[in-house]
Amino acid sequence: MRAWCTKKAVFFIAVMIILLLLYNAAKTAKDSNQLISNHPKVTIRKKIVETQTVVNSAVSENVKSKDNLKYILQWTLPQNVPFVYMGKGREGFISRNCPYTNCFVTSDRNYLGDYTKFDVIAFAGPEVVRYRKDRLPQKRSPHQKYAFASIESSDNYPLCTNSLDGFFNWTWTYKLDSEIRWGYMTIRDKNKTIVGPNKEMHWLKLEDMEPVSEDFKQKLKTKTKAAAWFVSNCYSRSNRMGVARKLNEELRNKYNLSVDIYGSCGQLSCSRDKEENCDDLIKKDYYFYLSFENAFSEDYATEKLWRALNYDAIPIVYGGANYTRFMPDGTYLDARKLTITELAAKMNELINDPEKYAEYFKWKNHYSYHRQHESVDTEPYCLFCTHLNNEEMVKTTTIYEDFKKWWTPPGRC
Ligand SMILES: *[C@@H]1O[C@H](CO)[C@@H](O)[C@H](O)[C@H]1NC(C)=O
Ligand SMILES: *[C@@H]1O[C@H](CO)[C@@H](O)[C@H](O)[C@H]1NC(C)=O
Ligand SMILES: *[C@@H]1O[C@H](CO)[C@@H](O)[C@H](O)[C@H]1NC(C)=O
Ligand SMILES: *[C@@H]1O[C@H](CO)[C@@H](O)[C@H](O)[C@H]1NC(C)=O
């Protein structure tokens with residue numbers, strides 16, 4: 001009887017303990033459910049898990065081909081120009097409304113498990129020309145394209161060794177023979193068809209161009225000052241400042257004219273936040289605009305040229321480009337082909353001869369100059385993704401065997 005009682009008590013206690021445990025477990029579960037629904041931290045964790053699922057499935061080959069995503073790895077620093085503007089993932093292509101948005105950008109070398117799986121590995125020129133060999137990828141698969149990207153001039157970022165010969169498959173630069181064009185302007189004809197800049201241009205001859213309208217000639221009459229220059233870098237390899245100063249002296253001494261220098265290297269200023277104001281000033285007041293580049297490199301003609309052409313001033317160019325690839329003859333003056341004396345005399349002559357001055361704008365009846373980002377057909381980031389979707393381009397083996405020679409100006413090293 002006593003034993004039975006003990007057994008019964010033990011059983012009772014055991015049941016009570018179990019019930020208690022169950023109750024506690026249920027309570028904990030309920031509390032944690034509340035935590036999940038109310039606590040933001042848990043929600044975030046869930047999101048991370050979801051993203052990881054996406055990442056994991058993206059890695060699987062099946063999904064990769066189904067989505068038809070093209071994977072681009074930024075090998076050099078993603079926070080530097082130009083990579084910083086590519087955006088992460090597909091974002092940069094989507095936000096620009098690119099014709100193709102199926103390119104995926106990352107700087108995470110392990111994103112696909114192994115960097116030989118990327119379709120493209122991109123290298124920013126200014127960084128990679130200074131990389132030692134051990135900072136470059138150590139393995140590579142033959143289907144991959146290694147792309148060299150630079151909007152900066154080769155004269156400022158030359159490559160002085162042969163270490164990258166045979167390394168790149170594609171170039172994405174301002175040089176006109178790059179696979180992917182990343183210039184500062186696009187030239188269109190009357191029908192809005194892109195016609196340049198190109199190595200071979202078929203400009204209308206000056207004598208075949210329509211004459212400048214009376215209306216336009218009237219507009220030019222508001223001009224009263226010789227030349228303007230907006231500049232913020234006072235020192236440059238090309239010594240453009242020295243040339244501008246000499247030109248100014250010559251103009252002052254002989255013709256009572258001047259070069260007005262705006263920005264931190266000169267005495268004049270116009271509001272930079274309202275760039276239209278500076279540009280309107282060119283249009284209204286100035287006969288000429290100094291399109292002086294900071295470095296001499298082939299095809300390196302920047303927005304300084306675009307600005308003059310768009311704001312009705314004759315560009316005075318000083319650069320390493322072959323300008324016949326950018327403008328018809330009779331549209332500009334070249335400070336490297338004329339002496340300072342000749343240049344100043346020519347400026348004075350045109351200022352004093354409105355008919356002759358207006359002739360320099362005949363091209364406007366036939367061509368227009370546009371910034372590349374104005375249209376998704378020419379937007380450089382869009383072009384990169386478009387190129388990556390061109391199967392023939394992707395399949396064709398292309399190798400820059402003589403990369404140093406292709407990139408670095410002669411005699412620079
Ligand atoms: C523009 O298109 C018209 C009609 O197709 C053509 O006749 C003309 O030659 C084109 N103009 C230029 C500059 O290509
Ligand atoms: C400039 O480019 C044109 C067209 O490519 C070429 O015919 C000409 O020889 C070049 N001029 C110089 C000085 O290289
Ligand atoms: C030089 O030009 C300025 C205005 O631009 C004028 O005021 C001045 O009289 C001119 N000097 C001479 C010597 O012509
Ligand atoms: C890219 O360049 C490498 C190195 O020269 C070469 O082995 C490979 O065949 C090229 N691949 C493509 C797809 O062009």
# chains A, B, ... in the order shown; residues from 1 in each chain; ligands from 1
call {"tool": "residues_around", "arguments": {"residues": "region 161-178 of chain A", "least_positions_apart": "3", "cutoff": "7 Å", "atoms": "only C-alpha atoms", "output": "list in words"}}
result
Lys145, Tyr146, Ala147, Phe148, Ala149, Ser150, Ile151, Arg181, Trp182, Gly183, Asn198, Lys199, Glu298, Asp299, Tyr300, Thr398, Ile399, Tyr400, Glu401, Asp402, Phe403 and Lys404 of chain A
call {"tool": "write_last_selection", "arguments": {"atoms": "N, CA and C atoms", "output": "PDB file, in the first residue's frame"}}
result
ATOM      1  N   LYS A 145      36.076  37.887 -70.302  1.00  0.00           N
ATOM      2  CA  LYS A 145      36.630  39.093 -70.907  1.00  0.00           C
ATOM      3  C   LYS A 145      37.213  39.949 -69.797  1.00  0.00           C
ATOM      4  N   TYR A 146      38.447  40.316 -69.960  1.00  0.00           N
ATOM      5  CA  TYR A 146      39.043  41.285 -69.048  1.00  0.00           C
ATOM      6  C   TYR A 146      38.927  42.647 -69.726  1.00  0.00           C
ATOM      7  N   ALA A 147      38.294  43.584 -69.021  1.00  0.00           N
ATOM      8  CA  ALA A 147      38.042  44.893 -69.632  1.00  0.00           C
ATOM      9  C   ALA A 147      38.816  46.002 -68.926  1.00  0.00           C
ATOM     10  N   PHE A 148      39.473  46.816 -69.730  1.00  0.00           N
ATOM     11  CA  PHE A 148      40.220  47.971 -69.231  1.00  0.00           C
ATOM     12  C   PHE A 148      39.317  49.192 -69.369  1.00  0.00           C
ATOM     13  N   ALA A 149      39.069  49.898 -68.262  1.00  0.00           N
ATOM     14  CA  ALA A 149      38.123  51.009 -68.281  1.00  0.00           C
ATOM     15  C   ALA A 149      38.816  52.301 -67.905  1.00  0.00           C
ATOM     16  N   SER A 150      38.762  53.299 -68.795  1.00  0.00           N
ATOM     17  CA  SER A 150      39.311  54.602 -68.394  1.00  0.00           C
ATOM     18  C   SER A 150      38.710  55.752 -69.168  1.00  0.00           C
ATOM     19  N   ILE A 151      38.318  56.755 -68.416  1.00  0.00           N
ATOM     20  CA  ILE A 151      37.876  58.007 -69.001  1.00  0.00           C
ATOM     21  C   ILE A 151      39.006  59.026 -68.839  1.00  0.00           C
ATOM     22  N   ARG A 181      32.772  52.507 -76.427  1.00  0.00           N
ATOM     23  CA  ARG A 181      33.117  53.915 -76.478  1.00  0.00           C
ATOM     24  C   ARG A 181      32.688  54.618 -75.209  1.00  0.00           C
ATOM     25  N   TRP A 182      33.604  55.353 -74.628  1.00  0.00           N
ATOM     26  CA  TRP A 182      33.277  56.089 -73.418  1.00  0.00           C
ATOM     27  C   TRP A 182      33.792  57.514 -73.554  1.00  0.00           C
ATOM     28  N   GLY A 183      33.329  58.174 -74.575  1.00  0.00           N
ATOM     29  CA  GLY A 183      33.855  59.504 -74.859  1.00  0.00           C
ATOM     30  C   GLY A 183      33.078  60.583 -74.151  1.00  0.00           C
ATOM     31  N   ASN A 198      34.611  59.583 -85.122  1.00  0.00           N
ATOM     32  CA  ASN A 198      35.168  58.339 -85.622  1.00  0.00           C
ATOM     33  C   ASN A 198      36.523  58.589 -86.254  1.00  0.00           C
ATOM     34  N   LYS A 199      37.282  57.490 -86.406  1.00  0.00           N
ATOM     35  CA  LYS A 199      38.595  57.630 -87.041  1.00  0.00           C
ATOM     36  C   LYS A 199      38.455  58.124 -88.471  1.00  0.00           C
ATOM     37  N   GLU A 298      45.866  60.615 -77.612  1.00  0.00           N
ATOM     38  CA  GLU A 298      45.098  60.396 -78.829  1.00  0.00           C
ATOM     39  C   GLU A 298      43.606  60.319 -78.494  1.00  0.00           C
ATOM     40  N   ASP A 299      42.792  61.019 -79.255  1.00  0.00           N
ATOM     41  CA  ASP A 299      41.323  61.007 -79.121  1.00  0.00           C
ATOM     42  C   ASP A 299      40.803  61.610 -77.824  1.00  0.00           C
ATOM     43  N   TYR A 300      41.691  62.204 -77.052  1.00  0.00           N
ATOM     44  CA  TYR A 300      41.242  62.783 -75.782  1.00  0.00           C
ATOM     45  C   TYR A 300      40.766  64.211 -76.012  1.00  0.00           C
ATOM     46  N   THR A 398      39.219  38.276 -78.544  1.00  0.00           N
ATOM     47  CA  THR A 398      39.933  39.515 -78.850  1.00  0.00           C
ATOM     48  C   THR A 398      40.970  39.715 -77.761  1.00  0.00           C
ATOM     49  N   ILE A 399      42.163  40.025 -78.162  1.00  0.00           N
ATOM     50  CA  ILE A 399      43.255  40.182 -77.195  1.00  0.00           C
ATOM     51  C   ILE A 399      44.063  41.427 -77.550  1.00  0.00           C
ATOM     52  N   TYR A 400      44.316  42.260 -76.565  1.00  0.00           N
ATOM     53  CA  TYR A 400      45.208  43.404 -76.774  1.00  0.00           C
ATOM     54  C   TYR A 400      46.644  42.945 -76.511  1.00  0.00           C
ATOM     55  N   GLU A 401      47.269  42.439 -77.574  1.00  0.00           N
ATOM     56  CA  GLU A 401      48.610  41.876 -77.433  1.00  0.00           C
ATOM     57  C   GLU A 401      49.624  42.951 -77.050  1.00  0.00           C
ATOM     58  N   ASP A 402      49.449  44.115 -77.682  1.00  0.00           N
ATOM     59  CA  ASP A 402      50.434  45.175 -77.516  1.00  0.00           C
ATOM     60  C   ASP A 402      49.814  46.312 -76.723  1.00  0.00           C
ATOM     61  N   PHE A 403      49.310  45.963 -75.550  1.00  0.00           N
ATOM     62  CA  PHE A 403      48.504  46.935 -74.820  1.00  0.00           C
ATOM     63  C   PHE A 403      49.269  48.201 -74.459  1.00  0.00           C
ATOM     64  N   LYS A 404      50.498  48.066 -74.043  1.00  0.00           N
ATOM     65  CA  LYS A 404      51.281  49.246 -73.656  1.00  0.00           C
ATOM     66  C   LYS A 404      51.348  50.225 -74.818  1.00  0.00           C
TER      67      LYS A 404
END
call {"tool": "residues_near_ligand", "arguments": {"ligand": "ligand 2", "cutoff": "8 Å", "atoms": "only C-alpha atoms and all ligand atoms", "output": "list in words"}}
result
Asn198, Lys199, Glu200, Met201, Asn322, Tyr323, Thr324 and Arg325 of chain A
call {"tool": "closest_residue", "arguments": {"among": "A:Lys70, A:His143, A:His202, A:Lys225", "to": "ligand 4", "atoms": "only C-alpha atoms and all ligand atoms"}}
result
A:His143
call {"tool": "residues_near_ligand", "arguments": {"ligand": "ligand 1", "cutoff": "6 Å", "atoms": "only C-alpha atoms and all ligand atoms", "output": "list in words"}}
result
Asp189, Lys190 and Asn191 of chain A
call {"tool": "residues_around", "arguments": {"residues": "Trp203 (chain A)", "least_positions_apart": "6", "cutoff": "12 Å", "atoms": "only C-alpha atoms", "output": "PyMOL selection string"}}
result
chain A and resi 187-189+195-197+209+324-331+363+366-367
call {"tool": "select_by_dssp", "arguments": {"residues": "region 64-282 of chain A", "states": "alpha helix (DSSP H)", "output": "VMD selection string"}}
result
chain A and resid 64 to 67 91 to 95 125 to 128 214 to 220 240 to 255 275 to 282
call {"tool": "write_last_selection", "arguments": {"atoms": "C-alpha atoms", "output": "JSON list (two decimals), in the first residue's frame"}}
result
[["chain", "number", "residue", "atom", "x", "y", "z"],
["A", 64, "LYS", "CA", 22.20, 31.81, -64.21],
["A", 65, "SER", "CA", 21.25, 30.75, -67.70],
["A", 66, "LYS", "CA", 17.53, 31.13, -67.08],
["A", 67, "ASP", "CA", 17.88, 34.74, -65.92],
["A", 91, "GLU", "CA", 20.68, 48.99, -60.33],
["A", 92, "GLY", "CA", 22.90, 51.16, -62.55],
["A", 93, "PHE", "CA", 21.38, 49.74, -65.74],
["A", 94, "ILE", "CA", 17.81, 49.84, -64.51],
["A", 95, "SER", "CA", 18.01, 53.41, -63.19],
["A", 125, "GLY", "CA", 42.79, 52.20, -65.78],
["A", 126, "PRO", "CA", 44.28, 54.69, -63.31],
["A", 127, "GLU", "CA", 44.60, 51.94, -60.69],
["A", 128, "VAL", "CA", 45.54, 48.92, -62.72],
["A", 214, "GLU", "CA", 20.55, 85.96, -90.81],
["A", 215, "ASP", "CA", 18.81, 85.13, -87.61],
["A", 216, "PHE", "CA", 21.85, 83.32, -86.29],
["A", 217, "LYS", "CA", 24.17, 86.11, -87.42],
["A", 218, "GLN", "CA", 22.06, 88.52, -85.36],
["A", 219, "LYS", "CA", 22.48, 86.30, -82.31],
["A", 220, "LEU", "CA", 26.24, 86.40, -82.70],
["A", 240, "ARG", "CA", 47.98, 74.89, -71.10],
["A", 241, "MET", "CA", 48.17, 77.69, -68.52],
["A", 242, "GLY", "CA", 51.44, 78.93, -69.99],
["A", 243, "VAL", "CA", 49.92, 78.99, -73.46],
["A", 244, "ALA", "CA", 46.80, 80.81, -72.28],
["A", 245, "ARG", "CA", 48.92, 83.46, -70.52],
["A", 246, "LYS", "CA", 51.07, 84.05, -73.59],
["A", 247, "LEU", "CA", 48.01, 84.31, -75.78],
["A", 248, "ASN", "CA", 46.52, 86.80, -73.36],
["A", 249, "GLU", "CA", 49.67, 88.94, -73.44],
["A", 250, "GLU", "CA", 49.77, 88.90, -77.19],
["A", 251, "LEU", "CA", 46.09, 89.83, -77.47],
["A", 252, "ARG", "CA", 46.48, 92.64, -74.93],
["A", 253, "ASN", "CA", 49.63, 94.13, -76.32],
["A", 254, "LYS", "CA", 48.66, 94.07, -79.95],
["A", 255, "TYR", "CA", 44.87, 94.17, -80.09],
["A", 275, "GLU", "CA", 26.35, 75.91, -64.83],
["A", 276, "GLU", "CA", 23.87, 77.30, -67.33],
["A", 277, "ASN", "CA", 24.88, 80.76, -66.26],
["A", 278, "CYS", "CA", 28.54, 80.21, -67.08],
["A", 279, "ASP", "CA", 27.58, 78.61, -70.36],
["A", 280, "ASP", "CA", 25.15, 81.39, -71.23],
["A", 281, "LEU", "CA", 27.96, 83.82, -70.62],
["A", 282, "ILE", "CA", 30.00, 82.12, -73.34]]
call {"tool": "residues_around", "arguments": {"residues": "region 104-117 of chain A", "least_positions_apart": "4", "cutoff": "10 Å", "atoms": "only C-alpha atoms", "output": "MDAnalysis selection string"}}
result
chainID A and resid 55:56 58:61 69:79 83 86:93 121:122 137:144 385
call {"tool": "write_last_selection", "arguments": {"atoms": "C-alpha atoms", "output": "compact mmCIF listing (two decimals), in the first residue's frame"}}
result
# COMPACT_ATOMS: atom_id res chain seq x y z
CA VAL A 55 22.50 34.73 -53.83
CA ASN A 56 22.70 30.98 -53.53
CA ALA A 58 22.11 32.91 -58.53
CA VAL A 59 25.23 30.85 -58.08
CA SER A 60 23.59 27.76 -59.47
CA GLU A 61 24.22 27.48 -63.19
CA LEU A 69 22.35 37.56 -66.19
CA LYS A 70 25.80 38.75 -67.22
CA TYR A 71 28.12 39.00 -64.28
CA ILE A 72 30.65 41.81 -64.04
CA LEU A 73 33.32 41.83 -61.35
CA GLN A 74 34.98 45.11 -60.44
CA TRP A 75 38.52 44.09 -59.63
CA THR A 76 39.82 47.53 -58.68
CA LEU A 77 38.24 49.67 -55.95
CA PRO A 78 34.46 50.01 -56.35
CA GLN A 79 34.38 53.38 -54.58
CA PHE A 83 33.20 52.13 -60.95
CA MET A 86 28.12 51.62 -62.20
CA GLY A 87 25.79 50.92 -59.27
CA LYS A 88 25.49 47.60 -57.49
CA GLY A 89 23.79 44.61 -59.01
CA ARG A 90 21.52 45.64 -61.88
CA GLU A 91 20.68 48.99 -60.33
CA GLY A 92 22.90 51.16 -62.55
CA PHE A 93 21.38 49.74 -65.74
CA ILE A 121 36.36 41.31 -64.93
CA ALA A 122 36.72 45.07 -65.17
CA PRO A 137 43.84 37.68 -60.84
CA GLN A 138 46.00 34.59 -60.56
CA LYS A 139 43.69 32.31 -62.56
CA ARG A 140 41.47 32.95 -65.52
CA SER A 141 39.08 31.07 -67.72
CA PRO A 142 39.23 31.48 -71.49
CA HIS A 143 35.61 32.56 -71.87
CA GLN A 144 36.14 35.57 -69.61
CA CYS A 385 25.77 46.01 -70.89
call {"tool": "closest_residue", "arguments": {"among": "A:Asp377, A:Glu152, A:Asp260, A:Glu179", "to": "ligand 4", "atoms": "only C-alpha atoms and all ligand atoms"}}
result
A:Glu179
call {"tool": "atom_distance", "arguments": {"atom1": "CA of Thr408 (chain A)", "atom2": "atom 2 (O, counted along the ligand's line) of ligand 4"}}
result
19.6 Å
call {"tool": "closest_residue", "arguments": {"among": "A:Lys192, A:Val259, A:Phe118, A:Tyr85", "to": "ligand 3", "atoms": "only C-alpha atoms and all ligand atoms"}}
result
A:Val259
call {"tool": "atom_distance", "arguments": {"atom1": "CA of Leu136 (chain A)", "atom2": "CA of Cys160 (chain A)"}}
result
16.5 Å
call {"tool": "residues_around", "arguments": {"residues": "Ser213 (chain A)", "least_positions_apart": "5", "cutoff": "10 Å", "atoms": "only C-alpha atoms", "output": "number ranges by chain"}}
result
A: 218, 358, 361-362, 365
call {"tool": "write_last_selection", "arguments": {"atoms": "N, CA and C atoms", "output": "mmCIF file, in the first residue's frame"}}
result
data_model
loop_
_atom_site.group_PDB
_atom_site.id
_atom_site.type_symbol
_atom_site.label_atom_id
_atom_site.label_comp_id
_atom_site.auth_asym_id
_atom_site.auth_seq_id
_atom_site.Cartn_x
_atom_site.Cartn_y
_atom_site.Cartn_z
ATOM 1 N N GLN A 218 22.515 87.510 -86.319
ATOM 2 C CA GLN A 218 22.064 88.521 -85.363
ATOM 3 C C GLN A 218 22.400 88.103 -83.934
ATOM 4 N N ALA A 358 31.014 84.301 -88.774
ATOM 5 C CA ALA A 358 29.790 83.486 -88.835
ATOM 6 C C ALA A 358 29.984 82.207 -89.650
ATOM 7 N N PHE A 361 30.271 78.748 -88.209
ATOM 8 C CA PHE A 361 29.127 78.064 -87.604
ATOM 9 C C PHE A 361 28.235 77.380 -88.632
ATOM 10 N N LYS A 362 28.724 77.289 -89.870
ATOM 11 C CA LYS A 362 27.933 76.627 -90.908
ATOM 12 C C LYS A 362 27.603 75.177 -90.543
ATOM 13 N N ASN A 365 24.137 73.809 -89.367
ATOM 14 C CA ASN A 365 23.024 73.451 -90.244
ATOM 15 C C ASN A 365 22.973 71.953 -90.537
#
call {"tool": "closest_residue", "arguments": {"among": "A:Ser258, A:Leu350, A:Phe384, A:Gly266", "to": "ligand 3", "atoms": "only C-alpha atoms and all ligand atoms"}}
result
A:Ser258
call {"tool": "select_by_dssp", "arguments": {"residues": "region 43-278 of chain A", "states": "strand (DSSP E or B)", "output": "PyMOL selection string"}}
result
chain A and resi 70-74+89+103-106+120-124+145-150+170-173+180-181+186-189+194-196+225-230+259-262+268
call {"tool": "write_last_selection", "arguments": {"atoms": "C-alpha atoms", "output": "mmCIF file, in the first residue's frame"}}
result
data_model
loop_
_atom_site.group_PDB
_atom_site.id
_atom_site.type_symbol
_atom_site.label_atom_id
_atom_site.label_comp_id
_atom_site.auth_asym_id
_atom_site.auth_seq_id
_atom_site.Cartn_x
_atom_site.Cartn_y
_atom_site.Cartn_z
ATOM 1 C CA LYS A 70 25.803 38.747 -67.218
ATOM 2 C CA TYR A 71 28.122 39.001 -64.278
ATOM 3 C CA ILE A 72 30.652 41.811 -64.037
ATOM 4 C CA LEU A 73 33.318 41.831 -61.348
ATOM 5 C CA GLN A 74 34.979 45.108 -60.441
ATOM 6 C CA GLY A 89 23.787 44.608 -59.014
ATOM 7 C CA CYS A 103 24.063 42.867 -66.270
ATOM 8 C CA PHE A 104 24.984 42.366 -62.645
ATOM 9 C CA VAL A 105 27.801 44.327 -61.020
ATOM 10 C CA THR A 106 29.663 43.383 -57.861
ATOM 11 C CA VAL A 120 33.719 40.108 -67.330
ATOM 12 C CA ILE A 121 36.363 41.305 -64.926
ATOM 13 C CA ALA A 122 36.718 45.070 -65.169
ATOM 14 C CA PHE A 123 39.807 47.064 -64.203
ATOM 15 C CA ALA A 124 39.897 50.825 -63.732
ATOM 16 C CA LYS A 145 36.630 39.093 -70.907
ATOM 17 C CA TYR A 146 39.043 41.285 -69.048
ATOM 18 C CA ALA A 147 38.042 44.893 -69.632
ATOM 19 C CA PHE A 148 40.220 47.971 -69.231
ATOM 20 C CA ALA A 149 38.123 51.009 -68.281
ATOM 21 C CA SER A 150 39.311 54.602 -68.394
ATOM 22 C CA TRP A 170 38.135 44.629 -74.209
ATOM 23 C CA THR A 171 38.726 48.321 -73.691
ATOM 24 C CA TRP A 172 36.132 50.772 -72.476
ATOM 25 C CA THR A 173 37.752 54.176 -72.987
ATOM 26 C CA ILE A 180 33.068 50.189 -75.920
ATOM 27 C CA ARG A 181 33.117 53.915 -76.478
ATOM 28 C CA THR A 186 28.446 62.140 -79.788
ATOM 29 C CA ILE A 187 27.960 63.785 -83.169
ATOM 30 C CA ARG A 188 24.667 63.382 -84.994
ATOM 31 C CA ASP A 189 23.591 64.443 -88.459
ATOM 32 C CA ILE A 194 25.137 59.056 -84.965
ATOM 33 C CA VAL A 195 28.002 59.892 -87.306
ATOM 34 C CA GLY A 196 30.936 60.440 -84.972
ATOM 35 C CA LYS A 225 34.739 89.862 -75.576
ATOM 36 C CA ALA A 226 37.493 87.838 -77.184
ATOM 37 C CA ALA A 227 37.982 84.585 -75.304
ATOM 38 C CA ALA A 228 36.860 82.790 -72.167
ATOM 39 C CA TRP A 229 38.321 79.849 -70.336
ATOM 40 C CA PHE A 230 36.835 77.984 -67.374
ATOM 41 C CA VAL A 259 41.574 85.852 -72.454
ATOM 42 C CA ASP A 260 39.193 85.941 -69.499
ATOM 43 C CA ILE A 261 40.038 83.164 -67.082
ATOM 44 C CA TYR A 262 37.196 81.968 -64.843
ATOM 45 C CA LEU A 268 36.885 85.897 -62.652
#
